[in-house]
file entry-v7.txt (compact mmCIF, C-alpha atoms)
# COMPACT_ATOMS: atom_id res chain seq x y z
CA MET A 1 10.02 -8.10 16.74
CA TYR A 2 10.31 -7.08 13.10
CA LEU A 3 7.94 -4.91 11.08
CA ALA A 4 7.78 -5.79 7.38
CA LYS A 5 6.11 -3.32 5.02
CA VAL A 6 5.04 -5.01 1.77
CA TYR A 7 3.87 -3.22 -1.39
CA VAL A 8 2.12 -5.24 -4.10
CA MET A 9 1.38 -3.58 -7.45
CA TYR A 10 0.34 -4.70 -10.93
CA LYS A 11 3.34 -5.13 -13.21
CA GLU A 12 3.87 -2.15 -15.54
CA SER A 13 2.77 -4.30 -18.52
CA VAL A 14 -0.57 -5.19 -16.89
CA LEU A 15 -3.62 -2.90 -17.29
CA ASP A 16 -4.63 -1.46 -13.89
CA PRO A 17 -8.44 -1.06 -14.12
CA GLN A 18 -8.75 0.16 -10.54
CA GLY A 19 -6.09 2.78 -11.11
CA GLU A 20 -7.90 3.95 -14.24
CA ALA A 21 -11.20 4.16 -12.37
CA VAL A 22 -9.63 6.19 -9.56
CA LYS A 23 -8.03 8.53 -12.12
CA LYS A 24 -11.42 9.17 -13.75
CA ALA A 25 -12.96 9.91 -10.35
CA ILE A 26 -10.10 12.29 -9.53
CA HIS A 27 -10.63 14.13 -12.81
CA LYS A 28 -14.31 14.53 -11.86
CA LEU A 29 -13.02 16.39 -8.79
CA ASP A 30 -11.38 18.75 -11.34
CA TYR A 31 -7.84 17.63 -10.58
CA GLU A 32 -6.79 17.34 -14.22
CA GLU A 33 -3.12 17.64 -13.19
CA VAL A 34 -3.23 14.05 -11.96
CA ALA A 35 -1.70 12.30 -14.95
CA ASP A 36 -1.58 8.70 -13.77
CA VAL A 37 -2.81 6.56 -10.89
CA ARG A 38 -1.58 3.11 -9.90
CA MET A 39 -3.30 1.22 -7.11
CA GLY A 40 -1.97 -1.70 -5.11
CA LYS A 41 -2.08 -3.51 -1.81
CA TYR A 42 -0.08 -2.60 1.26
CA PHE A 43 0.64 -4.94 4.18
CA GLU A 44 2.27 -4.46 7.55
CA LEU A 45 3.44 -7.73 9.09
CA LYS A 46 4.68 -7.98 12.67
CA ILE A 47 7.08 -10.92 12.83
CA ALA A 48 8.61 -12.36 16.00
CA LYS A 49 12.26 -13.38 15.89
CA SER A 50 12.71 -17.07 15.10
CA ASP A 51 15.44 -19.39 13.81
CA ARG A 52 14.38 -18.55 10.26
CA ASP A 53 15.78 -15.57 8.34
CA VAL A 54 13.08 -12.91 8.36
CA SER A 55 13.73 -11.93 4.71
CA ASP A 56 13.24 -15.53 3.61
CA VAL A 57 9.98 -15.65 5.56
CA VAL A 58 8.71 -12.43 3.94
CA GLU A 59 9.81 -13.53 0.44
CA ASP A 60 8.03 -16.86 0.78
CA ILE A 61 4.83 -15.24 2.08
CA CYS A 62 4.90 -12.69 -0.77
CA ASN A 63 5.40 -15.37 -3.43
CA LYS A 64 2.88 -17.84 -2.04
CA LEU A 65 0.17 -15.56 -0.69
CA LEU A 66 0.35 -11.79 -0.95
CA SER A 67 1.03 -11.42 -4.67
CA ASN A 68 0.04 -13.10 -7.91
CA VAL A 69 3.49 -13.54 -9.41
CA ASN A 70 2.12 -13.63 -12.97
CA MET A 71 0.49 -10.19 -12.81
CA GLU A 72 1.91 -8.47 -9.78
CA SER A 73 5.30 -7.43 -8.47
CA TYR A 74 6.16 -6.76 -4.83
CA ARG A 75 8.77 -4.98 -2.79
CA TYR A 76 9.24 -4.84 0.94
CA GLU A 77 11.13 -3.12 3.73
CA ILE A 78 11.98 -4.78 7.05
CA MET A 79 12.60 -2.79 10.22
CA GLU A 80 13.49 -3.99 13.68
CA GLU A 81 11.08 -2.80 16.37
CA GLU A 82 12.13 -2.14 19.99
CA MET B 1 6.08 16.07 -12.29
CA TYR B 2 5.49 14.88 -8.75
CA LEU B 3 5.04 11.31 -7.50
CA ALA B 4 2.75 11.00 -4.47
CA LYS B 5 2.76 7.71 -2.57
CA VAL B 6 -0.42 7.29 -0.49
CA TYR B 7 -1.01 4.64 2.17
CA VAL B 8 -4.54 4.04 3.45
CA MET B 9 -5.10 1.75 6.44
CA TYR B 10 -7.92 0.96 8.84
CA LYS B 11 -7.67 3.01 12.03
CA GLU B 12 -6.13 1.05 14.94
CA SER B 13 -9.54 0.95 16.66
CA VAL B 14 -11.24 -0.66 13.64
CA LEU B 15 -11.26 -4.44 13.17
CA ASP B 16 -9.28 -5.41 10.06
CA PRO B 17 -11.04 -8.56 8.74
CA GLN B 18 -8.79 -8.82 5.69
CA GLY B 19 -5.69 -8.61 7.85
CA GLU B 20 -7.07 -11.35 10.10
CA ALA B 21 -7.82 -13.56 7.10
CA VAL B 22 -4.31 -13.08 5.70
CA LYS B 23 -2.81 -13.89 9.11
CA LYS B 24 -4.74 -17.17 9.27
CA ALA B 25 -3.57 -18.08 5.78
CA ILE B 26 0.03 -17.26 6.74
CA HIS B 27 -0.23 -19.50 9.79
CA LYS B 28 -1.43 -22.32 7.50
CA LEU B 29 1.92 -21.89 5.71
CA ASP B 30 3.46 -22.69 9.15
CA TYR B 31 4.77 -19.17 9.72
CA GLU B 32 3.56 -18.93 13.31
CA GLU B 33 6.10 -16.17 14.01
CA VAL B 34 3.87 -13.73 12.12
CA ALA B 35 2.09 -12.12 15.07
CA ASP B 36 -0.06 -9.52 13.33
CA VAL B 37 -1.08 -8.49 9.81
CA ARG B 38 -2.63 -5.20 8.75
CA MET B 39 -3.75 -4.71 5.17
CA GLY B 40 -4.42 -1.48 3.36
CA LYS B 41 -4.46 0.29 0.02
CA TYR B 42 -1.45 1.84 -1.69
CA PHE B 43 -1.61 4.45 -4.45
CA GLU B 44 0.99 6.06 -6.65
CA LEU B 45 -0.21 9.33 -8.20
CA LYS B 46 1.73 11.16 -10.91
CA ILE B 47 0.83 14.84 -10.65
CA ALA B 48 1.86 17.53 -13.11
CA LYS B 49 2.92 20.90 -11.70
CA SER B 50 0.06 23.39 -11.58
CA ASP B 51 -0.82 26.62 -9.78
CA ARG B 52 -2.22 24.58 -6.90
CA ASP B 53 -0.07 23.34 -4.00
CA VAL B 54 0.54 19.63 -4.60
CA SER B 55 0.09 18.77 -0.90
CA ASP B 56 -3.32 20.45 -0.87
CA VAL B 57 -4.27 18.47 -3.99
CA VAL B 58 -3.19 15.16 -2.43
CA GLU B 59 -4.90 15.95 0.92
CA ASP B 60 -8.18 16.80 -0.81
CA ILE B 61 -8.05 13.65 -2.98
CA CYS B 62 -7.31 11.51 0.10
CA ASN B 63 -10.17 13.01 2.11
CA LYS B 64 -12.74 12.96 -0.69
CA LEU B 65 -11.85 9.78 -2.54
CA LEU B 66 -9.05 7.49 -1.45
CA SER B 67 -9.99 6.99 2.18
CA ASN B 68 -13.10 6.63 4.29
CA VAL B 69 -12.29 9.19 6.97
CA ASN B 70 -14.56 7.49 9.53
CA MET B 71 -12.76 4.14 9.43
CA GLU B 72 -9.45 4.75 7.71
CA SER B 73 -6.39 6.91 8.18
CA TYR B 74 -3.92 7.89 5.45
CA ARG B 75 -0.40 9.14 5.10
CA TYR B 76 1.53 10.18 2.02
CA GLU B 77 4.95 11.08 0.71
CA ILE B 78 5.52 13.43 -2.23
CA MET B 79 8.65 13.30 -4.35
CA GLU B 80 9.68 15.44 -7.29
CA GLU B 81 10.45 13.43 -10.42
CA GLU B 82 13.02 14.52 -13.03
call {"tool": "encode", "arguments": {"input": "entry-v7.txt", "output": "structure tokens"}}
result
Amino acid sequence: MYLAKVYVMYKESVLDPQGEAVKKAIHKLDYEEVADVRMGKYFELKIAKSDRDVSDVVEDICNKLLSNVNMESYRYEIMEEE
Amino acid sequence: MYLAKVYVMYKESVLDPQGEAVKKAIHKLDYEEVADVRMGKYFELKIAKSDRDVSDVVEDICNKLLSNVNMESYRYEIMEEE
């Protein structure tokens, strides 16, 4: 079994309204030292071994489903589980 | 400047409807080998150095704002940026 950890964030060039909203809320808690906040999605996928390459499977799922390739970028890590 | 990476997920005991929905969509792409999907929130916080301990700042922000402590658990990593 594999465990894939996927991180999906807005591209740097895209305004992150949620991140801005969270930053404002943090400043209301008096944590002015927080200079920037970016918010994204995080997925953990458990993937059984198959005849397909697990990286290809994860890439395809990221491109087709987990991220909007026009506005978001993704990265992932794949670990083998005992 | 510090970079804090925060991961917020539903607790294991809590049903993850979004994760279930994503899993169904993945299976429609014919990736039956994906056995389980958990979905959460991911934050990157840039935090300037201050007289407060950065871990205390991140903990307090996680407990008060970024996670619902009844249903979600969080973990974080803090790195120092050049």
call {"tool": "closest_residue", "arguments": {"input": "entry-v7.txt", "among": "B:Leu65, B:Val58, B:Ala48, B:Met9", "to": "A:Lys28", "atoms": "all atoms listed in the file"}}
result
B:Leu65
call {"tool": "interface_residues", "arguments": {"input": "entry-v7.txt", "of": "chain B", "to": "chain A", "cutoff": "9 Å", "atoms": "only C-alpha atoms", "output": "number ranges by chain"}}
result
B: 7-9, 19, 22-23, 25-26, 29, 31-50, 57, 61, 64-66
call {"tool": "residues_around", "arguments": {"input": "entry-v7.txt", "residues": "A:Val69", "least_positions_apart": "6", "cutoff": "10 Å", "atoms": "only C-alpha atoms", "output": "VMD selection string"}}
result
chain A and resid 8 10 to 11 62 to 63
call {"tool": "atom_distance", "arguments": {"input": "entry-v7.txt", "atom1": "atom CA of A:Asp16", "atom2": "atom CA of A:Ser55"}}
result
28.2 Å
call {"tool": "decode", "arguments": {"input": "entry-v7.txt", "residues": "stretch 8-20 of chain A", "atoms": "N, CA, C and O atoms", "output": "mmCIF file, in the first residue's frame"}}
result
data_model
loop_
_atom_site.group_PDB
_atom_site.id
_atom_site.type_symbol
_atom_site.label_atom_id
_atom_site.label_comp_id
_atom_site.auth_asym_id
_atom_site.auth_seq_id
_atom_site.Cartn_x
_atom_site.Cartn_y
_atom_site.Cartn_z
ATOM 1 N N VAL A 8 -2.357 21.155 -2.603
ATOM 2 C CA VAL A 8 -2.845 21.969 -3.723
ATOM 3 C C VAL A 8 -2.971 23.414 -3.232
ATOM 4 O O VAL A 8 -3.651 23.663 -2.224
ATOM 5 N N MET A 9 -2.273 24.331 -3.908
ATOM 6 C CA MET A 9 -2.302 25.736 -3.504
ATOM 7 C C MET A 9 -2.619 26.609 -4.727
ATOM 8 O O MET A 9 -2.372 26.215 -5.859
ATOM 9 N N TYR A 10 -3.107 27.820 -4.463
ATOM 10 C CA TYR A 10 -3.233 28.801 -5.560
ATOM 11 C C TYR A 10 -1.836 29.111 -6.083
ATOM 12 O O TYR A 10 -0.873 29.152 -5.326
ATOM 13 N N LYS A 11 -1.726 29.331 -7.369
ATOM 14 C CA LYS A 11 -0.450 29.787 -7.937
ATOM 15 C C LYS A 11 -0.102 31.139 -7.326
ATOM 16 O O LYS A 11 -1.002 31.918 -6.975
ATOM 17 N N GLU A 12 1.195 31.446 -7.249
ATOM 18 C CA GLU A 12 1.662 32.682 -6.617
ATOM 19 C C GLU A 12 0.953 33.897 -7.244
ATOM 20 O O GLU A 12 0.636 34.864 -6.586
ATOM 21 N N SER A 13 0.711 33.816 -8.564
ATOM 22 C CA SER A 13 0.148 34.977 -9.293
ATOM 23 C C SER A 13 -1.342 35.163 -9.020
ATOM 24 O O SER A 13 -1.922 36.174 -9.404
ATOM 25 N N VAL A 14 -1.969 34.184 -8.382
ATOM 26 C CA VAL A 14 -3.427 34.244 -8.188
ATOM 27 C C VAL A 14 -3.739 34.762 -6.781
ATOM 28 O O VAL A 14 -3.140 34.322 -5.798
ATOM 29 N N LEU A 15 -4.664 35.735 -6.680
ATOM 30 C CA LEU A 15 -5.076 36.276 -5.380
ATOM 31 C C LEU A 15 -5.686 35.141 -4.553
ATOM 32 O O LEU A 15 -6.437 34.318 -5.072
ATOM 33 N N ASP A 16 -5.317 35.095 -3.275
ATOM 34 C CA ASP A 16 -5.806 34.024 -2.380
ATOM 35 C C ASP A 16 -6.746 34.650 -1.346
ATOM 36 O O ASP A 16 -6.330 35.014 -0.244
ATOM 37 N N PRO A 17 -8.032 34.819 -1.707
ATOM 38 C CA PRO A 17 -8.976 35.510 -0.817
ATOM 39 C C PRO A 17 -9.110 34.836 0.549
ATOM 40 O O PRO A 17 -9.204 35.507 1.571
ATOM 41 N N GLN A 18 -9.083 33.516 0.548
ATOM 42 C CA GLN A 18 -9.208 32.809 1.834
ATOM 43 C C GLN A 18 -7.995 33.105 2.712
ATOM 44 O O GLN A 18 -8.137 33.375 3.899
ATOM 45 N N GLY A 19 -6.825 33.071 2.101
ATOM 46 C CA GLY A 19 -5.616 33.370 2.854
ATOM 47 C C GLY A 19 -5.670 34.773 3.437
ATOM 48 O O GLY A 19 -5.319 35.001 4.600
ATOM 49 N N GLU A 20 -6.141 35.720 2.655
ATOM 50 C CA GLU A 20 -6.272 37.108 3.127
ATOM 51 C C GLU A 20 -7.253 37.197 4.299
ATOM 52 O O GLU A 20 -7.002 37.879 5.290
#
